[in-house]
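One file, upload_3.cif, carrying mmCIF, C-alpha atoms:
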```
data_input
loop_
_atom_site.label_atom_id
_atom_site.label_comp_id
_atom_site.auth_asym_id
_atom_site.auth_seq_id
_atom_site.Cartn_x
_atom_site.Cartn_y
_atom_site.Cartn_z
CA MET U 1 54.88 102.49 20.08
CA LYS U 2 58.25 100.89 20.70
CA LYS U 3 58.30 102.22 24.23
CA GLY U 4 54.86 100.83 24.84
CA LEU U 5 55.80 97.39 23.57
CA LEU U 6 58.91 97.35 25.71
CA LEU U 7 56.87 98.26 28.76
CA LEU U 8 54.39 95.54 27.89
CA LEU U 9 57.15 92.96 27.63
CA ILE U 10 58.69 93.97 30.94
CA ILE U 11 55.40 93.88 32.75
CA SER U 12 54.25 90.63 31.20
CA SER U 13 57.48 88.99 32.27
CA THR U 14 56.82 89.76 35.90
CA VAL U 15 54.88 87.54 38.21
CA PHE U 16 51.81 89.19 39.53
CA TYR U 17 51.09 88.56 43.10
CA GLY U 18 49.32 90.54 45.75
CA CYS U 19 50.90 88.90 48.66
CA TYR U 20 53.86 89.78 50.71
CA SER U 21 55.74 87.97 53.35
CA ASP U 22 55.77 89.15 56.88
CA ASP U 23 57.66 87.93 59.86
CA ASP U 24 56.07 85.74 62.46
CA SER U 25 57.78 87.67 65.18
CA THR U 26 54.90 87.47 67.62
CA PHE U 27 55.92 86.74 71.13
CA VAL U 28 54.12 87.07 74.39
CA ASP U 29 55.62 88.92 77.29
CA LEU U 30 53.63 88.51 80.47
CA GLN U 31 54.18 90.21 83.77
CA ILE U 32 53.85 88.87 87.26
CA GLU U 33 54.52 90.89 90.37
CA ASP U 34 55.66 90.11 93.89
CA ALA U 35 55.34 86.37 93.33
CA LEU U 36 58.80 85.55 94.64
CA ILE U 37 59.05 85.34 98.38
CA LEU U 38 62.39 85.06 100.14
CA GLU U 39 62.09 83.67 103.64
CA ASN U 40 64.88 85.88 104.91
CA GLU U 41 65.83 85.73 108.57
CA LYS U 42 68.72 88.09 107.90
CA THR U 43 71.25 86.22 110.03
CA TYR U 44 72.23 82.60 109.72
CA VAL U 45 74.95 80.30 110.84
CA VAL U 46 76.84 77.96 108.60
CA GLY U 47 74.73 74.89 107.95
CA ASP U 48 71.42 76.73 108.02
CA THR U 49 69.11 76.74 105.01
CA ILE U 50 67.52 79.77 103.42
CA TYR U 51 64.36 79.27 101.41
CA PHE U 52 62.62 81.13 98.66
CA ALA U 53 59.46 80.34 96.74
CA LEU U 54 57.97 81.50 93.48
CA ASP U 55 54.43 80.49 92.65
CA PHE U 56 52.20 81.84 89.92
CA SER U 57 48.92 80.97 88.29
CA ARG U 58 48.60 79.03 85.08
CA TYR U 59 46.21 81.77 83.97
CA LEU U 60 47.87 85.16 83.65
CA GLU U 61 46.69 88.61 82.66
CA GLU U 62 47.80 89.75 79.23
CA ASP U 63 47.86 93.38 78.20
CA GLY U 64 45.19 94.23 75.67
CA PHE U 65 42.93 91.28 76.39
CA SER U 66 39.99 90.95 78.75
CA ASN U 67 40.46 87.26 79.44
CA ARG U 68 43.51 85.71 81.03
CA LEU U 69 45.94 83.62 79.04
CA ASP U 70 46.28 79.92 79.70
CA ILE U 71 50.06 79.61 79.62
CA PHE U 72 50.01 75.82 79.91
CA GLU U 73 47.77 75.39 76.85
CA THR U 74 49.79 78.03 75.02
CA THR U 75 53.25 76.66 75.72
CA GLY U 76 52.61 73.04 76.63
CA ALA U 77 55.28 73.57 79.28
CA ALA U 78 55.12 71.54 82.45
CA SER U 79 57.59 73.93 84.02
CA PHE U 80 58.96 77.44 83.74
CA ASN U 81 62.62 78.03 84.50
CA TYR U 82 64.32 80.97 86.09
CA PRO U 83 67.84 81.64 87.29
CA MET U 84 68.96 81.69 90.88
CA VAL U 85 71.69 84.26 91.33
CA LEU U 86 73.42 84.16 94.70
CA GLU U 87 76.13 86.74 95.38
CA LYS U 88 78.66 87.11 98.15
CA PHE U 89 80.40 90.29 99.19
CA SER U 90 84.08 90.23 98.33
CA SER U 91 86.45 92.55 100.18
CA GLN U 92 88.92 91.94 97.42
CA SER U 93 86.48 93.30 94.85
CA ASN U 94 84.64 95.61 97.23
CA ALA U 95 81.48 94.36 95.55
CA TYR U 96 79.11 91.45 95.48
CA VAL U 97 80.29 88.68 93.18
CA GLY U 98 78.40 85.68 91.89
CA VAL U 99 78.56 82.41 93.78
CA THR U 100 77.70 79.11 92.12
CA VAL U 101 75.78 76.91 94.46
CA ALA U 102 77.24 73.42 94.49
CA ASN U 103 75.45 70.18 93.91
CA GLY U 104 74.06 68.95 97.16
CA LEU U 105 73.49 72.35 98.67
CA VAL U 106 70.14 72.93 97.00
CA VAL U 107 67.10 71.55 98.72
CA GLU U 108 64.03 70.91 96.62
CA SER U 109 61.23 71.11 99.07
CA LYS U 110 58.24 71.30 96.74
CA ARG U 111 58.53 68.94 93.82
CA ASN U 112 60.92 71.24 92.03
CA LEU U 113 63.22 70.03 89.39
CA ALA U 114 66.49 71.83 89.06
CA ASP U 115 68.37 70.72 85.98
CA ASN U 116 71.39 72.48 87.26
CA PHE U 117 71.51 74.05 90.62
CA ASN U 118 71.43 77.62 89.45
CA THR U 119 68.33 77.16 87.34
CA ILE U 120 65.08 76.65 89.15
CA ALA U 121 62.01 75.07 87.66
CA ALA U 122 58.56 76.18 88.72
CA VAL U 123 56.50 73.08 88.08
CA LEU U 124 52.80 72.75 87.31
CA ASN U 125 51.09 71.30 90.35
CA PRO U 126 48.90 68.16 90.24
CA SER U 127 45.69 70.19 90.05
CA GLN U 128 47.24 71.99 87.07
CA ASP U 129 46.33 75.49 88.16
CA LEU U 130 49.59 76.77 89.61
CA TYR U 131 53.27 76.70 88.78
CA GLU U 132 55.19 76.21 92.01
CA SER U 133 58.75 76.28 93.20
CA ARG U 134 60.26 76.32 96.65
CA ILE U 135 63.97 76.02 97.01
CA GLY U 136 66.31 75.87 99.95
CA VAL U 137 69.98 76.71 99.79
CA ILE U 138 72.25 75.26 102.45
CA LEU U 139 74.65 77.95 103.58
CA ALA U 140 78.12 76.40 103.67
CA GLU U 141 80.38 79.34 104.39
CA PRO U 142 80.31 82.62 106.30
CA GLY U 143 79.97 85.99 104.66
CA ASP U 144 77.58 88.64 103.51
CA PHE U 145 75.27 87.32 100.82
CA ARG U 146 72.39 88.46 98.71
CA PHE U 147 70.07 87.03 96.12
CA SER U 148 69.78 88.99 92.89
CA PHE U 149 66.12 88.63 92.21
CA ASP U 150 65.20 92.19 91.23
CA PHE U 151 64.75 91.34 87.54
CA LEU U 152 63.72 87.78 86.78
CA THR U 153 62.62 86.26 83.51
CA LEU U 154 60.95 82.87 83.37
CA TYR U 155 61.08 80.73 80.26
CA PRO U 156 58.96 77.67 79.50
CA ASP U 157 60.36 74.27 78.75
CA TYR U 158 60.46 73.99 74.99
CA ALA U 159 57.48 72.01 73.74
CA GLY U 160 57.59 71.96 69.95
CA ASP U 161 55.94 74.44 67.63
CA ARG U 162 54.64 76.96 70.15
CA ILE U 163 54.61 80.70 70.35
CA SER U 164 57.53 82.32 72.16
CA LEU U 165 56.39 83.26 75.60
CA PHE U 166 58.23 84.52 78.63
CA ILE U 167 57.23 85.92 81.94
CA SER U 168 58.88 88.88 83.59
CA HIS U 169 58.79 89.01 87.35
CA ARG U 170 59.00 92.38 89.05
CA PHE U 171 58.67 93.67 92.57
CA THR U 172 56.33 96.60 92.98
CA ASN U 173 58.49 97.93 95.79
CA PHE U 174 61.93 96.44 95.51
CA VAL U 175 64.16 96.95 98.56
CA PRO U 176 67.66 95.49 98.00
CA GLU U 177 68.22 95.00 101.71
CA ASP U 178 65.33 92.55 101.83
CA PHE U 179 67.49 90.11 99.85
CA GLU U 180 70.69 90.48 101.85
CA PHE U 181 71.67 88.22 104.72
CA GLU U 182 74.68 87.40 106.82
CA VAL U 183 76.10 83.95 107.53
CA THR U 184 78.37 83.50 110.52
CA GLU U 185 80.45 80.59 111.82
CA MET G 1 11.12 102.22 44.35
CA THR G 2 11.33 98.57 43.59
CA LYS G 3 14.63 96.90 42.89
CA LYS G 4 13.59 96.44 39.28
CA ASN G 5 12.91 100.16 38.80
CA LEU G 6 16.18 101.07 40.49
CA LEU G 7 18.05 98.75 38.15
CA ILE G 8 16.38 100.28 35.10
CA CYS G 9 17.30 103.79 36.33
CA ILE G 10 20.93 102.79 36.84
CA LEU G 11 21.11 101.20 33.40
CA ASN G 12 19.55 104.31 31.83
CA ILE G 13 22.07 106.58 33.54
CA ILE G 14 24.94 104.39 32.35
CA PHE G 15 23.53 104.25 28.83
CA ILE G 16 22.97 108.00 28.57
CA SER G 17 26.32 108.91 30.07
CA SER G 18 28.18 106.35 28.04
CA TYR G 19 26.78 107.06 24.63
CA ALA G 20 29.70 107.40 22.27
CA GLN G 21 29.88 110.85 20.78
CA GLN G 22 31.36 111.60 17.45
CA GLU G 23 34.01 114.29 17.35
CA GLY G 24 35.92 115.09 14.18
CA GLY G 25 34.92 111.80 12.65
CA GLU G 26 36.12 109.79 15.66
CA PHE G 27 34.00 108.22 18.31
CA ILE G 28 34.59 109.22 21.87
CA PHE G 29 34.07 106.46 24.35
CA LYS G 30 33.39 107.52 27.87
CA ASN G 31 33.35 104.15 29.61
CA GLN G 32 35.48 101.09 29.77
CA VAL G 33 35.17 97.69 31.37
CA SER G 34 38.24 95.52 31.57
CA THR G 35 39.56 92.35 33.08
CA ASN G 36 43.04 91.19 33.90
CA ILE G 37 44.05 88.24 31.71
CA PRO G 38 46.93 86.78 33.79
CA TYR G 39 44.63 86.68 36.78
CA LEU G 40 42.44 84.19 34.98
CA LEU G 41 45.41 81.86 34.71
CA LEU G 42 45.82 82.11 38.48
CA ASN G 43 42.25 81.17 39.39
CA SER G 44 41.70 84.82 40.10
CA PHE G 45 39.49 87.48 38.63
CA GLU G 46 39.63 91.23 38.27
CA LEU G 47 36.95 93.50 36.86
CA ASN G 48 37.26 97.24 36.34
CA TYR G 49 34.90 99.93 35.29
CA GLU G 50 36.08 103.42 34.47
CA HIS G 51 34.47 106.60 33.26
CA THR G 52 36.30 109.43 31.57
CA LEU G 53 36.55 112.84 33.16
CA GLY G 54 37.51 115.60 30.77
CA LYS G 55 40.19 114.87 28.19
CA LYS G 56 42.97 113.38 30.24
CA PHE G 57 41.43 111.86 33.28
CA ALA G 58 39.22 108.97 34.26
CA THR G 59 37.85 107.55 37.45
CA GLY G 60 36.57 104.11 38.21
CA ILE G 61 36.36 101.16 40.50
CA GLY G 62 37.95 97.75 40.39
CA TRP G 63 37.24 94.49 42.11
CA ALA G 64 39.64 91.61 42.36
CA SER G 65 39.25 88.18 43.85
CA TYR G 66 42.40 86.16 44.40
CA GLY G 67 42.25 82.41 44.09
CA LYS G 68 44.43 79.44 44.85
CA GLY G 69 46.86 80.05 42.01
CA TYR G 70 47.38 83.55 43.20
CA TYR G 71 47.78 82.36 46.78
CA ASN G 72 50.38 79.82 45.72
CA LEU G 73 52.60 82.68 44.71
CA ALA G 74 52.67 83.93 48.29
CA LEU G 75 56.06 84.05 49.87
CA GLU G 76 56.50 82.06 53.02
CA SER G 77 58.34 83.56 55.89
CA GLU G 78 58.99 82.09 59.30
CA GLY G 79 56.20 79.62 59.15
CA TYR G 80 53.16 81.45 57.90
CA THR G 81 51.88 83.13 54.81
CA TYR G 82 50.00 86.26 54.07
CA ALA G 83 47.47 86.37 51.28
CA THR G 84 44.94 88.90 50.09
CA GLN G 85 41.54 87.35 49.47
CA PHE G 86 39.84 90.15 47.59
CA GLU G 87 39.93 93.87 47.23
CA ILE G 88 37.88 96.77 46.00
CA THR G 89 39.87 99.57 44.42
CA PRO G 90 38.40 102.95 43.56
CA PHE G 91 40.90 104.62 41.30
CA GLY G 92 41.72 107.77 39.39
CA ARG G 93 43.75 107.82 36.18
CA TRP G 94 45.73 110.34 34.27
CA TYR G 95 46.19 109.55 30.58
CA PHE G 96 49.27 111.42 29.46
CA ASN G 97 48.16 111.53 25.82
CA GLY G 98 44.47 111.93 26.51
CA ASN G 99 41.86 109.39 27.43
CA GLN G 100 40.79 108.79 23.83
CA ASN G 101 44.26 107.81 22.62
CA LYS G 102 46.82 105.17 23.29
CA SER G 103 48.67 106.52 26.23
CA HIS G 104 50.82 106.11 29.25
CA ILE G 105 48.76 105.94 32.42
CA LEU G 106 49.42 107.07 35.93
CA GLU G 107 46.96 105.69 38.42
CA ILE G 108 46.27 106.35 42.06
CA PHE G 109 43.95 104.05 43.91
CA ALA G 110 42.53 103.26 47.29
CA SER G 111 41.97 99.73 48.44
CA ILE G 112 39.65 98.00 50.81
CA ASN G 113 40.97 94.49 51.03
CA GLN G 114 40.58 91.37 53.08
CA SER G 115 43.68 89.45 53.96
CA GLU G 116 44.38 86.10 55.51
CA GLU G 117 47.46 85.27 57.48
CA ARG G 118 47.63 81.51 57.48
CA ASN G 119 49.48 79.18 59.80
CA ARG G 120 50.38 81.95 62.15
CA PHE G 121 49.87 82.17 65.88
CA VAL G 122 46.44 83.50 66.71
CA ARG G 123 44.85 84.04 70.08
CA ASN G 124 41.78 81.86 70.50
CA THR G 125 39.59 81.28 73.50
CA THR G 126 39.38 77.91 75.19
CA ASP G 127 36.13 76.27 76.25
CA GLU G 128 36.90 77.49 79.75
CA GLY G 129 37.12 81.09 78.51
CA PHE G 130 40.88 81.55 78.71
CA GLY G 131 43.10 82.80 75.95
CA VAL G 132 45.40 80.43 74.11
CA TYR G 133 47.81 80.94 71.25
CA GLU G 134 47.58 78.34 68.52
CA ARG G 135 48.50 78.13 64.89
CA GLY G 136 45.59 79.22 62.77
CA THR G 137 44.30 81.73 60.27
CA GLU G 138 43.73 85.36 61.01
CA THR G 139 41.45 87.34 58.72
CA ASN G 140 41.67 91.11 58.59
CA THR G 141 39.97 93.85 56.62
CA ASN G 142 42.46 96.52 55.63
CA PHE G 143 42.50 99.91 54.05
CA GLY G 144 45.31 100.76 51.72
CA MET G 145 46.43 103.07 48.98
CA GLY G 146 48.55 102.52 45.94
CA ILE G 147 49.93 103.79 42.73
CA GLY G 148 50.17 102.26 39.29
CA TYR G 149 51.81 102.97 36.00
CA GLY G 150 51.03 101.47 32.65
CA TYR G 151 50.30 101.85 28.99
CA ARG G 152 47.08 101.44 27.10
CA PHE G 153 46.83 100.38 23.48
CA LEU G 154 43.64 100.89 21.49
CA PHE G 155 42.43 98.64 18.70
CA LEU G 156 39.32 98.12 16.56
CA LYS G 157 38.58 101.79 16.11
CA LYS G 158 39.52 102.39 19.74
CA ARG G 159 36.77 100.18 21.02
CA LEU G 160 39.16 97.50 22.28
CA ALA G 161 41.71 98.41 24.92
CA VAL G 162 44.78 96.43 25.91
CA GLU G 163 46.57 97.68 28.96
CA ALA G 164 49.76 96.71 30.67
CA GLN G 165 50.10 98.00 34.16
CA VAL G 166 52.10 97.52 37.29
CA GLY G 167 50.86 98.75 40.62
CA ILE G 168 51.83 98.58 44.24
CA ARG G 169 49.65 99.01 47.26
CA THR G 170 50.37 99.42 50.92
CA ASN G 171 48.03 98.76 53.80
CA PHE G 172 50.14 101.11 55.88
CA ASP G 173 51.85 98.28 57.71
CA PHE G 174 55.35 99.37 58.43
CA PHE G 175 58.53 97.42 59.00
CA PHE G 176 61.17 99.61 60.58
CA GLY G 177 59.55 102.67 59.05
CA ILE G 178 59.30 101.18 55.57
CA PRO G 179 55.74 100.59 54.34
CA LEU G 180 55.15 96.97 53.34
CA SER G 181 53.74 96.84 49.87
CA SER G 182 52.06 94.36 47.58
CA LEU G 183 52.00 94.06 43.82
CA VAL G 184 48.36 94.59 42.85
CA ARG G 185 46.44 95.94 39.88
CA SER G 186 49.25 94.57 37.79
CA GLY G 187 49.06 92.58 34.62
CA ILE G 188 47.60 92.79 31.15
CA ARG G 189 44.02 93.91 30.85
CA LEU G 190 41.64 93.47 28.03
CA GLY G 191 38.97 96.13 27.92
CA TYR G 192 35.86 97.08 26.01
CA ARG G 193 35.08 100.76 25.52
CA PHE G 194 31.60 102.12 25.00
#
```
Before anything else, please render the file you have as structure tokens.
Amino acid sequence: MKKGLLLLLIISSTVFYGCYSDDDSTFVDLQIEDALILENEKTYVVGDTIYFALDFSRYLEEDGFSNRLDIFETTGAASFNYPMVLEKFSSQSNAYVGVTVANGLVVESKRNLADNFNTIAAVLNPSQDLYESRIGVILAEPGDFRFSFDFLTLYPDYAGDRISLFISHRFTNFVPEDFEFEVTE
Amino acid sequence: MTKKNLLICILNIIFISSYAQQEGGEFIFKNQVSTNIPYLLLNSFELNYEHTLGKKFATGIGWASYGKGYYNLALESEGYTYATQFEITPFGRWYFNGNQNKSHILEIFASINQSEERNRFVRNTTDEGFGVYERGTETNTNFGMGIGYGYRFLFLKKRLAVEAQVGIRTNFDFFFGIPLSSLVRSGIRLGYRF
């Protein structure tokens, strides 16, 4: 009897709830392929400009769903940002090393906004169906260069209480040489 | 068979099967209905029916509806809450000291429950037919299983039952391999035996 009463007291002192917390860890990882195009002429002279463009639809396929996702409605982002990684071959290192592109050497040829010159913004176009970016880099010194674009992740501009969403860009047939070029005097 | 006839048949079966038998001067009650008293304080309601099987076992079914008070106890985490709306729980019980005596109880139950996850991101469809993630409520029907442990007191010549029980149920949602569980079928029940 005493055991029973004790059990009753313990149980009656607890709060009865049938709910548990869970984490709101949902995020959306979308994939786009072969959207980045480098206009690579392979050989340049100092003062030339090399261009690349990355355009993608506002409506993207999402795994597990039959209809495409409206990433503008979902994120409220007027632009998606991605890094520009330019590398130059260093004999000293015997490897490609990162090169920061200076202010004034980035040409925005298609309404792009670059907050800093190594982050590119793909901006929603006026008809609001495509995020677009086209960037030119003025080549200011000789050497062997390459863009490191094999794995790119695009993040939206933060727009308040929205789901976390990012876009991974991949090449279906990535050839490193396609992103290498030489600049001569 | 009309609905009226079917109802009469069901009532007859219950009456015949539930008729208290006398054994050694004591009545044996084969059925029990009970409700959870703390639930009533939380704008919630639970009703259970059980039928004895042999001397130590019983089987039954429970129904619980969780109201606002119950929901207010939900824990918030990262911006949204999870709440069970109602559940149906078929259960089996083992009375350690026999089902006609005051006894410790071990209970195993299944659960069909409906849950709401409020203020979480859900994927809706726009008027244009595209997907969009917005904050909203997601309703799911789940299947779970659980276990409970308690004690039952008997009063008024064993016709009145007072039970204290704690139970946990999982819907088989796992977090790093650990099943997420909820406290259900817990509280103090008042029951009538017949």
Exercise for review: Go ahead and compute the interatomic distance for atom CA of U:Phe174 and atom CA of U:Asp150, in Å to one decimal.
Suggested key: 6.9 Å
Point to revise | Expected selection from the PyMOL selection byres ((chain G) within 9 of (chain U)), given as JSON, numbers by chain | key: {"G": [38, 39, 66, 70, 71, 73, 74, 75, 76, 77, 78, 79, 80, 81, 82, 83, 84, 103, 104, 115, 120, 121, 125, 126, 129, 130, 131, 132, 133, 134, 135, 150, 151, 152, 153, 163, 164, 165, 166, 168, 169, 175, 180, 181, 182, 183, 184, 185, 186, 187, 188]}
Review point. Got a sec to resolve the PyMOL selection byres ((chain U and resi 50) around 12) on this structure and send the residues as a PyMOL selection string?
Key: chain U and resi 37-49+51-53+86+105-109+134-140+145-147+179-183
Practice item. Would you mind reading off the distance between atom CA of G:Val33 and atom CA of G:Asn48, one decimal, in Å? Key: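 Going from atom CA of G:Val33 over to atom CA of G:Asn48, I get 5.4 Å.
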Check your understanding: So how far away is atom CA of G:Asn36 from atom CA of G:Gly54, in Å?
Key ->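 Taking atom CA of G:Gly54 and atom CA of G:Asn36, their separation equals 25.2 Å.
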Practice item. Please write as a list in words the full residue list that the PyMOL selection byres ((chain U and resi 158) around 10) yields on this file. Key: Thr75, Gly76, Ala77, Ala78, Ser79, Phe80, Tyr155, Pro156, Asp157, Ala159, Gly160, Asp161, Arg162 and Ser164 of chain U
Check your understanding: Taking (37.9, 89.4, 39.6) in the file's coordinates as the center, which residues reach within 10 Å of it, counting all atoms listed in the file, put as a list in words?
Key -> Thr35, Asn36, Tyr39, Leu40, Asn43, Ser44, Phe45, Glu46, Leu47, Asn48, Gly62, Trp63, Ala64, Ser65, Tyr66, Gly67, Phe86, Glu87 and Ile88 of chain G
